[in-house]
Amino acid sequence: MQMHPRPRRAVLVVALAAALGAVVPAAAHGPTRQKVTEKVVIDAPAAAVWARIKNFDALKDWHPDVAESPADKGNEVGSMRTLKLKNGGTLIETLERYDDAQMRYAYRAKDGGALPVTNYTSTLQVSDEGGKAVVEWRGAFYRGHPNNDPPPDKNDEAAVRAVTQVYLAGLANLKRLVEAK
């Protein structure tokens, strides 16, 4: 039995289109949103840990890399915090949500400043787990270079590594400070 040329051609066109469809988006693919979540358990009541970190301008008091962290409107949504890092870098963040009862706040930085990221959003939250505090610091962001073929210092891996290091250093120091008392 011989197949009519048109159906065979149609099958070939569909197969070719499917193959090209799989290739074309990959070639035009830009950066993807990256995420980092770090947690620490602190042997102290959640309320005591929250009291230590709840003020949007308090990052300088517990993060070892932050020299200054003034916030122009305190814990009011829309407050802008300017982080001055001990290594000389700067980062400007805006408070987006603040919930004292839930022991959580969220903030954003459009430009990563000292970090190789863009469109960075983050949430810091304290919760109680059996009389101990669990602090979760979570962020989502894009790499610092928005186009394809980013340089090594502004690619996805560099962005994830930088944010992870910031979170781990801060959480480890917070644990050390709180548990020392």
# chains A, B, ... in the order shown; residues from 1 in each chain; ligands from 1

call {"tool": "closest_atom_pairs", "arguments": {"of": "segment 96-125 of chain A", "to": "segment 50-60 of chain A", "cutoff": "10 Å", "atoms": "only C-alpha atoms", "output": "Markdown table"}}
result
| residue | atom | partner | partner_atom | distance |
| --- | --- | --- | --- | --- |
| A:Tyr98 | CA | A:Phe56 | CA | 9.0 |
| A:Asp99 | CA | A:Lys54 | CA | 9.4 |
| A:Asp100 | CA | A:Lys54 | CA | 7.5 |
| A:Gln102 | CA | A:Trp50 | CA | 9.9 |
| A:Met103 | CA | A:Trp50 | CA | 6.3 |
| A:Arg104 | CA | A:Lys54 | CA | 7.7 |
| A:Tyr105 | CA | A:Lys54 | CA | 7.9 |
| A:Ala106 | CA | A:Phe56 | CA | 9.6 |
| A:Tyr107 | CA | A:Phe56 | CA | 9.2 |
| A:Leu124 | CA | A:Lys54 | CA | 9.0 |
| A:Gln125 | CA | A:Trp50 | CA | 8.2 |

call {"tool": "residues_around", "arguments": {"residues": "Asp149 of chain A", "least_positions_apart": "5", "cutoff": "10 Å", "atoms": "only C-alpha atoms", "output": "list in words"}}
result
Gly30, Pro31, Lys154 and Asn155 of chain A

call {"tool": "select_by_dssp", "arguments": {"residues": "chain A", "states": "alpha helix (DSSP H)", "output": "PyMOL selection string"}}
result
chain A and resi 5-27+46-53+59-62+156-179

call {"tool": "closest_residue", "arguments": {"among": "A:Met80, A:Val36, A:Val178, A:Ala71", "to": "Ser122 of chain A", "atoms": "only C-alpha atoms"}}
result
A:Val36

call {"tool": "closest_residue", "arguments": {"among": "A:Ser127, A:Thr37, A:Ser69, A:Thr118", "to": "Asp156 of chain A", "atoms": "only C-alpha atoms"}}
result
A:Thr118

call {"tool": "atom_distance", "arguments": {"atom1": "atom CA of Arg33 of chain A", "atom2": "atom CA of Arg143 of chain A"}}
result
7.9 Å

call {"tool": "residues_around", "arguments": {"residues": "Val49 of chain A", "least_positions_apart": "3", "cutoff": "9 Å", "atoms": "only C-alpha atoms", "output": "PyMOL selection string"}}
result
chain A and resi 42+44-46+52-54+126+133-135+174-175+178

call {"tool": "write_last_selection", "arguments": {"atoms": "N, CA, C and O atoms", "output": "tab-separated table (two decimals), in the first residue's frame"}}
result
chain	number	residue	atom	x	y	z
A	42	ILE	N	17.34	28.52	66.75
A	42	ILE	CA	18.03	29.24	67.83
A	42	ILE	C	17.41	28.84	69.15
A	42	ILE	O	16.18	28.84	69.30
A	44	ALA	N	16.23	29.80	71.88
A	44	ALA	CA	15.67	30.97	72.56
A	44	ALA	C	14.21	31.07	72.13
A	44	ALA	O	13.83	30.56	71.07
A	45	PRO	N	13.38	31.75	72.92
A	45	PRO	CA	11.99	31.93	72.52
A	45	PRO	C	11.90	32.76	71.23
A	45	PRO	O	12.68	33.70	71.02
A	46	ALA	N	10.94	32.41	70.39
A	46	ALA	CA	10.75	33.11	69.12
A	46	ALA	C	10.56	34.61	69.34
A	46	ALA	O	11.12	35.43	68.59
A	52	ARG	N	14.85	41.05	68.52
A	52	ARG	CA	16.21	41.41	68.09
A	52	ARG	C	16.28	41.85	66.63
A	52	ARG	O	17.10	42.69	66.27
A	53	ILE	N	15.42	41.28	65.77
A	53	ILE	CA	15.54	41.54	64.32
A	53	ILE	C	14.35	42.26	63.71
A	53	ILE	O	14.38	42.59	62.53
A	54	LYS	N	13.31	42.53	64.47
A	54	LYS	CA	12.05	43.01	63.89
A	54	LYS	C	12.11	44.40	63.28
A	54	LYS	O	11.33	44.73	62.41
A	126	VAL	N	10.29	34.71	61.77
A	126	VAL	CA	10.62	33.94	62.96
A	126	VAL	C	9.38	33.16	63.36
A	126	VAL	O	8.27	33.69	63.37
A	133	ALA	N	13.31	29.15	68.56
A	133	ALA	CA	13.00	30.01	67.41
A	133	ALA	C	13.57	29.41	66.14
A	133	ALA	O	14.70	28.93	66.13
A	134	VAL	N	12.78	29.44	65.09
A	134	VAL	CA	13.26	29.08	63.77
A	134	VAL	C	13.19	30.35	62.94
A	134	VAL	O	12.13	30.96	62.79
A	135	VAL	N	14.34	30.75	62.43
A	135	VAL	CA	14.41	31.95	61.60
A	135	VAL	C	14.61	31.48	60.17
A	135	VAL	O	15.55	30.74	59.88
A	174	LEU	N	23.40	35.80	64.07
A	174	LEU	CA	22.21	36.00	64.91
A	174	LEU	C	22.13	34.91	65.97
A	174	LEU	O	21.92	35.19	67.15
A	175	LYS	N	22.33	33.68	65.58
A	175	LYS	CA	22.30	32.56	66.52
A	175	LYS	C	23.36	32.73	67.59
A	175	LYS	O	23.08	32.59	68.78
A	178	VAL	N	22.31	35.71	70.00
A	178	VAL	CA	21.16	35.42	70.86
A	178	VAL	C	21.50	34.34	71.88
A	178	VAL	O	21.16	34.46	73.05

call {"tool": "atom_distance", "arguments": {"atom1": "atom CA of Gln34 of chain A", "atom2": "atom CA of Thr82 of chain A"}}
result
23.3 Å

call {"tool": "decode", "arguments": {"residues": "segment 44-59 of chain A", "atoms": "all heavy atoms", "output": "JSON list (two decimals), in the first residue's frame"}}
result
[["chain", "number", "residue", "atom", "x", "y", "z"],
["A", 44, "ALA", "N", 16.23, 29.80, 71.88],
["A", 44, "ALA", "CA", 15.67, 30.97, 72.56],
["A", 44, "ALA", "C", 14.21, 31.07, 72.13],
["A", 44, "ALA", "O", 13.83, 30.56, 71.07],
["A", 44, "ALA", "CB", 16.43, 32.23, 72.18],
["A", 45, "PRO", "N", 13.38, 31.75, 72.92],
["A", 45, "PRO", "CA", 11.99, 31.93, 72.52],
["A", 45, "PRO", "C", 11.90, 32.76, 71.23],
["A", 45, "PRO", "O", 12.68, 33.70, 71.02],
["A", 45, "PRO", "CB", 11.37, 32.69, 73.69],
["A", 45, "PRO", "CG", 12.29, 32.47, 74.85],
["A", 45, "PRO", "CD", 13.65, 32.29, 74.25],
["A", 46, "ALA", "N", 10.94, 32.41, 70.39],
["A", 46, "ALA", "CA", 10.75, 33.11, 69.12],
["A", 46, "ALA", "C", 10.56, 34.61, 69.34],
["A", 46, "ALA", "O", 11.12, 35.43, 68.59],
["A", 46, "ALA", "CB", 9.57, 32.52, 68.36],
["A", 47, "ALA", "N", 9.80, 34.99, 70.36],
["A", 47, "ALA", "CA", 9.54, 36.40, 70.61],
["A", 47, "ALA", "C", 10.84, 37.16, 70.93],
["A", 47, "ALA", "O", 11.00, 38.31, 70.53],
["A", 47, "ALA", "CB", 8.54, 36.58, 71.75],
["A", 48, "ALA", "N", 11.75, 36.53, 71.62],
["A", 48, "ALA", "CA", 13.03, 37.18, 71.95],
["A", 48, "ALA", "C", 13.88, 37.38, 70.69],
["A", 48, "ALA", "O", 14.52, 38.42, 70.53],
["A", 48, "ALA", "CB", 13.80, 36.35, 72.98],
["A", 49, "VAL", "N", 13.87, 36.41, 69.81],
["A", 49, "VAL", "CA", 14.62, 36.54, 68.56],
["A", 49, "VAL", "C", 13.98, 37.59, 67.67],
["A", 49, "VAL", "O", 14.67, 38.44, 67.09],
["A", 49, "VAL", "CB", 14.73, 35.17, 67.84],
["A", 49, "VAL", "CG1", 15.39, 35.33, 66.48],
["A", 49, "VAL", "CG2", 15.49, 34.17, 68.70],
["A", 50, "TRP", "N", 12.65, 37.58, 67.59],
["A", 50, "TRP", "CA", 11.95, 38.59, 66.79],
["A", 50, "TRP", "C", 12.26, 39.99, 67.32],
["A", 50, "TRP", "O", 12.48, 40.91, 66.54],
["A", 50, "TRP", "CB", 10.45, 38.31, 66.78],
["A", 50, "TRP", "CG", 9.65, 39.34, 66.06],
["A", 50, "TRP", "CD1", 8.69, 40.16, 66.59],
["A", 50, "TRP", "CD2", 9.71, 39.68, 64.66],
["A", 50, "TRP", "NE1", 8.16, 40.98, 65.61],
["A", 50, "TRP", "CE2", 8.77, 40.70, 64.42],
["A", 50, "TRP", "CE3", 10.47, 39.23, 63.60],
["A", 50, "TRP", "CZ2", 8.57, 41.28, 63.17],
["A", 50, "TRP", "CZ3", 10.27, 39.79, 62.34],
["A", 50, "TRP", "CH2", 9.34, 40.81, 62.13],
["A", 51, "ALA", "N", 12.28, 40.15, 68.62],
["A", 51, "ALA", "CA", 12.58, 41.46, 69.20],
["A", 51, "ALA", "C", 13.95, 41.97, 68.74],
["A", 51, "ALA", "O", 14.15, 43.16, 68.55],
["A", 51, "ALA", "CB", 12.52, 41.39, 70.72],
["A", 52, "ARG", "N", 14.85, 41.05, 68.52],
["A", 52, "ARG", "CA", 16.21, 41.41, 68.09],
["A", 52, "ARG", "C", 16.28, 41.85, 66.63],
["A", 52, "ARG", "O", 17.10, 42.69, 66.27],
["A", 52, "ARG", "CB", 17.12, 40.20, 68.31],
["A", 52, "ARG", "CG", 18.55, 40.39, 67.98],
["A", 52, "ARG", "CD", 19.28, 40.82, 69.21],
["A", 52, "ARG", "NE", 20.65, 41.18, 68.93],
["A", 52, "ARG", "CZ", 21.62, 40.92, 69.76],
["A", 52, "ARG", "NH1", 21.39, 40.30, 70.89],
["A", 52, "ARG", "NH2", 22.84, 41.32, 69.47],
["A", 53, "ILE", "N", 15.42, 41.28, 65.77],
["A", 53, "ILE", "CA", 15.54, 41.54, 64.32],
["A", 53, "ILE", "C", 14.35, 42.26, 63.71],
["A", 53, "ILE", "O", 14.38, 42.59, 62.53],
["A", 53, "ILE", "CB", 15.78, 40.22, 63.55],
["A", 53, "ILE", "CG1", 14.57, 39.30, 63.61],
["A", 53, "ILE", "CG2", 17.03, 39.52, 64.05],
["A", 53, "ILE", "CD1", 14.65, 38.10, 62.71],
["A", 54, "LYS", "N", 13.31, 42.53, 64.47],
["A", 54, "LYS", "CA", 12.05, 43.01, 63.89],
["A", 54, "LYS", "C", 12.11, 44.40, 63.28],
["A", 54, "LYS", "O", 11.33, 44.73, 62.41],
["A", 54, "LYS", "CB", 10.92, 42.93, 64.90],
["A", 54, "LYS", "CG", 10.99, 43.97, 66.00],
["A", 54, "LYS", "CD", 9.80, 43.80, 66.92],
["A", 54, "LYS", "CE", 9.69, 44.89, 67.93],
["A", 54, "LYS", "NZ", 8.45, 44.74, 68.68],
["A", 55, "ASN", "N", 13.02, 45.22, 63.73],
["A", 55, "ASN", "CA", 13.09, 46.57, 63.17],
["A", 55, "ASN", "C", 13.83, 46.54, 61.84],
["A", 55, "ASN", "O", 14.92, 45.98, 61.73],
["A", 55, "ASN", "CB", 13.75, 47.53, 64.15],
["A", 55, "ASN", "CG", 12.85, 47.77, 65.35],
["A", 55, "ASN", "OD1", 11.63, 47.82, 65.22],
["A", 55, "ASN", "ND2", 13.45, 47.90, 66.51],
["A", 56, "PHE", "N", 13.22, 47.15, 60.84],
["A", 56, "PHE", "CA", 13.77, 47.15, 59.49],
["A", 56, "PHE", "C", 15.16, 47.78, 59.45],
["A", 56, "PHE", "O", 15.98, 47.42, 58.61],
["A", 56, "PHE", "CB", 12.79, 47.89, 58.56],
["A", 56, "PHE", "CG", 13.07, 47.73, 57.10],
["A", 56, "PHE", "CD1", 13.26, 46.47, 56.53],
["A", 56, "PHE", "CD2", 13.12, 48.84, 56.27],
["A", 56, "PHE", "CE1", 13.51, 46.33, 55.17],
["A", 56, "PHE", "CE2", 13.37, 48.71, 54.90],
["A", 56, "PHE", "CZ", 13.55, 47.45, 54.36],
["A", 57, "ASP", "N", 15.45, 48.66, 60.40],
["A", 57, "ASP", "CA", 16.78, 49.29, 60.43],
["A", 57, "ASP", "C", 17.78, 48.56, 61.32],
["A", 57, "ASP", "O", 18.88, 49.04, 61.55],
["A", 57, "ASP", "CB", 16.66, 50.75, 60.86],
["A", 57, "ASP", "CG", 16.18, 50.91, 62.30],
["A", 57, "ASP", "OD1", 15.83, 49.90, 62.96],
["A", 57, "ASP", "OD2", 16.15, 52.06, 62.78],
["A", 58, "ALA", "N", 17.43, 47.37, 61.81],
["A", 58, "ALA", "CA", 18.27, 46.67, 62.78],
["A", 58, "ALA", "C", 19.28, 45.70, 62.17],
["A", 58, "ALA", "O", 20.03, 45.05, 62.90],
["A", 58, "ALA", "CB", 17.39, 45.91, 63.79],
["A", 59, "LEU", "N", 19.34, 45.58, 60.87],
["A", 59, "LEU", "CA", 20.24, 44.60, 60.25],
["A", 59, "LEU", "C", 21.69, 44.81, 60.70],
["A", 59, "LEU", "O", 22.42, 43.85, 60.92],
["A", 59, "LEU", "CB", 20.12, 44.65, 58.73],
["A", 59, "LEU", "CG", 20.64, 43.45, 57.96],
["A", 59, "LEU", "CD1", 19.95, 42.16, 58.40],
["A", 59, "LEU", "CD2", 20.46, 43.65, 56.48]]
